[in-house]
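*Asks:* The structure under discussion is supplied below as structure tokens; questions concerning it will follow.
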Amino acid sequence: MVPGAFVRVLFPTQEKPRRPGLLHIGYVLGGTASEALVAYTTSQPWPTDAPIPAGVRLFGAEAAAQLNQSRPFLLRLDVLAKLPRTAEWFPDLGRHDQGVIAIAPPELQSELIGIAANLVRRRRELVQMRGP
Amino acid sequence: MSRPRQQPSGRRARTRKQPAKVAITLRLGSEQVRRLQAAAKAENRSLTNYVETALLRDLSHRDEAARVITMYAAPGTSPHIRPEDVARREGESEQAYAERRDLLVELWSIPDSE
């Protein structure tokens, strides 16, 4: 489960944020030997009348297929989870592929890191605006 | 046919409404008040409206800062990670690793949104 991997994960939900949630494909930004930081993905289309928030990357049908995914999806770099690298959260960890669906090519990884970095900068500015 | 039950007083029960606004007392230095009055005048607002707007704007910034990134932290995960503990991808360049490592350390420090 290397950085840049799209992996099957029981991503926590708003209703039960401390427990393994529904099976999703997550994007691994990285982590340590025992923990991973994972971004949320969903194949639910974004409402057409709502602006797409910063931190969301859209993948059309073709781009999704290149990442071994059957449907267009959204990657939410604004919705993250710190998870232990255990089968409780990554149910296919014991399989030979560890539940990895695809690995993003280096250019895409760089783009996604850039999007996440912009979000962090924006958050930092807002936090500073609030004062210490 | 049953009739609606009356309250002991003979009046219908009223739902108690929260007042739309609550008055607060604010004490500020005279120089600050002078500056606020000037700023309010420049925006063609009353001083009260100007202060209210400024406070609401601050609350909005707080909400936005909290919302920019939603973080879920599973029980037992570390609140921070050390840069040297960030795993490096095979073949990742020094620069790419450094950027990702620094980003990860900062992202990791974002507290649980719950």
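We name chains A, B, ... following the order of the structure tokens; residues begin at 1 in each chain, and ligands are numbered from 1 as shown.
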From a DSSP calculation on the backbone, collect every residue of chain A in helix (DSSP H, G or I) and output the set as an NGL selection string.

*Replies:* :A and (61-66 or 106-130)

*Asks:* Keeping C-alpha atoms for every residue in the selection just given, could you write it to a file as a PDB file, in the first residue's frame?

*Replies:*
```
ATOM      1  CA  ALA A  61     -14.914   7.709 -17.411  1.00  0.00           C
ATOM      2  CA  GLU A  62     -11.684   7.459 -19.387  1.00  0.00           C
ATOM      3  CA  ALA A  63      -9.434   8.661 -16.566  1.00  0.00           C
ATOM      4  CA  ALA A  64     -11.250   6.336 -14.162  1.00  0.00           C
ATOM      5  CA  ALA A  65     -10.732   3.370 -16.497  1.00  0.00           C
ATOM      6  CA  GLN A  66      -7.012   4.097 -16.612  1.00  0.00           C
ATOM      7  CA  PRO A 106       3.905  10.137 -11.035  1.00  0.00           C
ATOM      8  CA  GLU A 107       2.436  13.186 -12.846  1.00  0.00           C
ATOM      9  CA  LEU A 108      -0.964  12.584 -11.277  1.00  0.00           C
ATOM     10  CA  GLN A 109       0.625  12.063  -7.869  1.00  0.00           C
ATOM     11  CA  SER A 110       2.404  15.411  -8.208  1.00  0.00           C
ATOM     12  CA  GLU A 111      -0.830  17.104  -9.228  1.00  0.00           C
ATOM     13  CA  LEU A 112      -2.670  15.662  -6.241  1.00  0.00           C
ATOM     14  CA  ILE A 113       0.105  16.679  -3.859  1.00  0.00           C
ATOM     15  CA  GLY A 114      -0.177  20.197  -5.323  1.00  0.00           C
ATOM     16  CA  ILE A 115      -3.933  20.304  -4.722  1.00  0.00           C
ATOM     17  CA  ALA A 116      -3.474  19.124  -1.135  1.00  0.00           C
ATOM     18  CA  ALA A 117      -0.675  21.660  -0.576  1.00  0.00           C
ATOM     19  CA  ASN A 118      -2.950  24.473  -1.795  1.00  0.00           C
ATOM     20  CA  LEU A 119      -5.636  23.372   0.603  1.00  0.00           C
ATOM     21  CA  VAL A 120      -3.175  23.325   3.497  1.00  0.00           C
ATOM     22  CA  ARG A 121      -1.967  26.827   2.572  1.00  0.00           C
ATOM     23  CA  ARG A 122      -5.537  28.094   2.416  1.00  0.00           C
ATOM     24  CA  ARG A 123      -6.325  26.547   5.767  1.00  0.00           C
ATOM     25  CA  ARG A 124      -3.151  27.993   7.301  1.00  0.00           C
ATOM     26  CA  GLU A 125      -4.065  31.487   6.083  1.00  0.00           C
ATOM     27  CA  LEU A 126      -7.539  31.212   7.514  1.00  0.00           C
ATOM     28  CA  VAL A 127      -6.230  29.924  10.820  1.00  0.00           C
ATOM     29  CA  GLN A 128      -3.730  32.799  10.981  1.00  0.00           C
ATOM     30  CA  MET A 129      -6.520  35.250  10.192  1.00  0.00           C
ATOM     31  CA  ARG A 130      -8.247  33.955  13.292  1.00  0.00           C
TER      32      ARG A 130
END
```

*Asks:* With only C-alpha atoms as the counted atoms, please give the residues lying no more than 10 Å from Ile69 in chain B, apart from itself and same-chain residues fewer than 3 positions off, as a list in words.

*Replies:* Ala54, Gly55, Arg76, Leu77, Asp78, Val79, Leu80, Ala116, Leu119, Val120, Arg122 and Arg123 of chain A; Glu64, Ala65, Ala66, Tyr72, Leu107, Ile110, Pro111, Asp112 and Ser113 of chain B

*Asks:* Store the residues of this selection in a file with C-alpha atoms, as a tab-separated table (two decimals), in the first residue's frame.

*Replies:*
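Final output, part02.tsv:
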```tsv
chain	number	residue	atom	x	y	z
A	54	ALA	CA	-11.28	23.31	-3.63
A	55	GLY	CA	-9.63	19.97	-3.04
A	76	ARG	CA	-11.83	14.50	-2.15
A	77	LEU	CA	-8.48	15.75	-0.91
A	78	ASP	CA	-10.47	17.83	1.56
A	79	VAL	CA	-11.79	14.70	3.28
A	80	LEU	CA	-8.98	12.72	4.88
A	116	ALA	CA	-3.47	19.12	-1.14
A	119	LEU	CA	-5.64	23.37	0.60
A	120	VAL	CA	-3.18	23.32	3.50
A	122	ARG	CA	-5.54	28.09	2.42
A	123	ARG	CA	-6.32	26.55	5.77
B	64	GLU	CA	-14.37	27.96	6.88
B	65	ALA	CA	-11.01	27.24	8.50
B	66	ALA	CA	-12.52	24.27	10.26
B	72	TYR	CA	-11.06	11.65	10.61
B	107	LEU	CA	-1.69	17.35	7.23
B	110	ILE	CA	-4.66	18.71	11.65
B	111	PRO	CA	-6.84	17.68	14.56
B	112	ASP	CA	-9.76	15.33	14.26
B	113	SER	CA	-12.75	17.27	12.93
```

*Asks:* Which residues of chain B are close to chain A, meaning at most 10 Å apart when you count only C-alpha atoms, and how do they look as a count of residues only?

*Replies:* 47

*Asks:* Based on DSSP run over this structure's backbone, return all residues of range 58-119 of chain A in strand (DSSP E), as a ChimeraX atom specification.

*Replies:* /A:58-59,73-84,100-103

*Asks:* Would you list the contacts of Ile52 in chain A as a list in words, taking every protein, DNA or RNA residue within 12 Å and counting only C-alpha atoms, but skipping same-chain residues closer than 6 positions in sequence?

*Replies:*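 Surrounding residues, per the criterion: Pro45, Trp46, Leu58, Leu74, Leu75, Arg76 and Asp78 of chain A.
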
*Asks:* Can I get the selection written as a PDB file, in the first residue's frame, with C-alpha atoms?

*Replies:*
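File again-v7.pdb, as written:
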```
ATOM      1  CA  PRO A  45     -21.805  12.649  -9.005  1.00  0.00           C
ATOM      2  CA  TRP A  46     -21.439  16.164  -7.663  1.00  0.00           C
ATOM      3  CA  LEU A  58     -12.842  14.898 -10.976  1.00  0.00           C
ATOM      4  CA  LEU A  74     -14.439  12.318  -7.375  1.00  0.00           C
ATOM      5  CA  LEU A  75     -11.305  12.370  -5.279  1.00  0.00           C
ATOM      6  CA  ARG A  76     -11.826  14.503  -2.150  1.00  0.00           C
ATOM      7  CA  ASP A  78     -10.473  17.835   1.564  1.00  0.00           C
TER       8      ASP A  78
END
```

*Asks:* With only C-alpha atoms as the counted atoms, please give the residues lying no more than 12 Å from range 20-37 of chain B, apart from itself and same-chain residues fewer than 5 positions off, as a ChimeraX atom specification.

*Replies:* /B:42-54

*Asks:* Could you dump the residues just selected with N, CA and C atoms as a compact mmCIF listing (two decimals), in the first residue's frame?

*Replies:*
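What ended up in selection30.txt:
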```
# COMPACT_ATOMS: atom_id res chain seq x y z
N ALA B 42 -17.54 54.94 6.62
CA ALA B 42 -17.01 54.73 5.27
C ALA B 42 -17.81 53.66 4.53
N GLU B 43 -18.40 52.75 5.26
CA GLU B 43 -19.21 51.70 4.62
C GLU B 43 -20.70 52.02 4.71
N ASN B 44 -21.00 53.24 5.14
CA ASN B 44 -22.39 53.68 5.24
C ASN B 44 -23.22 52.75 6.13
N ARG B 45 -22.64 52.39 7.25
CA ARG B 45 -23.33 51.51 8.20
C ARG B 45 -23.39 52.20 9.56
N SER B 46 -24.30 51.71 10.38
CA SER B 46 -24.28 52.17 11.77
C SER B 46 -23.13 51.45 12.48
N LEU B 47 -22.71 52.00 13.60
CA LEU B 47 -21.62 51.36 14.35
C LEU B 47 -22.03 49.95 14.78
N THR B 48 -23.27 49.83 15.25
CA THR B 48 -23.75 48.52 15.69
C THR B 48 -23.72 47.51 14.55
N ASN B 49 -24.20 47.94 13.39
CA ASN B 49 -24.23 47.04 12.25
C ASN B 49 -22.81 46.67 11.81
N TYR B 50 -21.93 47.63 11.88
CA TYR B 50 -20.55 47.37 11.48
C TYR B 50 -19.91 46.32 12.41
N VAL B 51 -20.09 46.50 13.70
CA VAL B 51 -19.50 45.56 14.67
C VAL B 51 -20.13 44.18 14.50
N GLU B 52 -21.44 44.15 14.31
CA GLU B 52 -22.12 42.87 14.11
C GLU B 52 -21.57 42.16 12.87
N THR B 53 -21.43 42.92 11.79
CA THR B 53 -20.93 42.32 10.55
C THR B 53 -19.51 41.79 10.73
N ALA B 54 -18.68 42.56 11.45
CA ALA B 54 -17.29 42.13 11.67
C ALA B 54 -17.25 40.83 12.49
```

*Asks:* When you count only C-alpha atoms, which of these residues is closest to Pro72 in chain A: A:Gly99, A:Lys16, A:Glu88, A:Thr41?

*Replies:*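 Between A:Gly99, A:Lys16, A:Glu88, A:Thr41, the residue approaching Pro72 in chain A most closely is A:Thr41.
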